[in-house]
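Undergrad: I'd like to ask some things about the structure below.
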Amino acid sequence: MPRSYRNVSKYEKEILELKSQGYTKREIGTKLGFTFEQVHNFISKYNMRQRKLESGVALHKKGRPAKDSVVTEEMKSTELRYIIARKDAKIKQLEMENELMRDFLSLTERK
């Protein structure tokens with residue numbers, strides 16, 4: 001049986017429509033001619049992308065932007081919100097580590 005090299009993302013609307021109708025990933029795959037793994041990976045990546053968009057994380061492609069690409073104010077503000085959120089998360093992590101270290105030192109009777 002020859003392999004089928006179709007891009008799953010071209011069938012995004014159909015996959016999401018069938019998923020909302022209650023079809024399983026295996027049923028969607030057989031109906032559209034994809035494997036279970038292809039449908040599973042597509043839905044997982046789609047859900048991850050949606051969660052990132054909802055949380056305000058910038059979805060940018062790796063590498064250097066094209067010469068003719070336009071950077072909007074919204075893109076800049078989204079990128080800044082992402083940077084601030086990452087720094088806040090790092091600060092919280094360091095505060096928690098500091099507190100754990102203080103507790104450890106107090107238990108071992110060191111100051």
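As shown in the structure tokens, the chain order sets the letters A, B, ...; within each chain, residues go from 1, and ligands are also counted from 1 in the order they appear.
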Determine which residues of stretch 14-90 of chain A DSSP labels as alpha helix (DSSP H) from the backbone of this structure, then write them out as a ChimeraX atom specification.

TA: /A:14-20,25-32,36-55,73-90

Undergrad: Would you kindly return, as a list in words, each protein, DNA or RNA residue with an atom no farther than 10 Å from any atom of stretch 23-37 of chain A, considering only C-alpha atoms and excluding same-chain residues fewer than 2 positions away?

TA: Ser4, Tyr5, Arg6, Asn7, Val8, Tyr11, Glu14, Ile15, Leu16, Glu17, Leu18, Lys19, Ser20, Gln21, Val39, His40, Asn41, Phe42 and Ile43 of chain A

Undergrad: What's the separation between atom CA of A:Asp68 and atom CA of A:Ile83, in Å to one decimal place?

TA: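 Interatomic distance, atom CA of A:Asp68 to atom CA of A:Ile83: 24.6 Å.
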
Undergrad: Quick one: pull the distance between atom CA of A:Gln38 and atom CA of A:Ser55, Å, one decimal.

TA: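 That distance, rounded to one decimal, is 26.0 Å.
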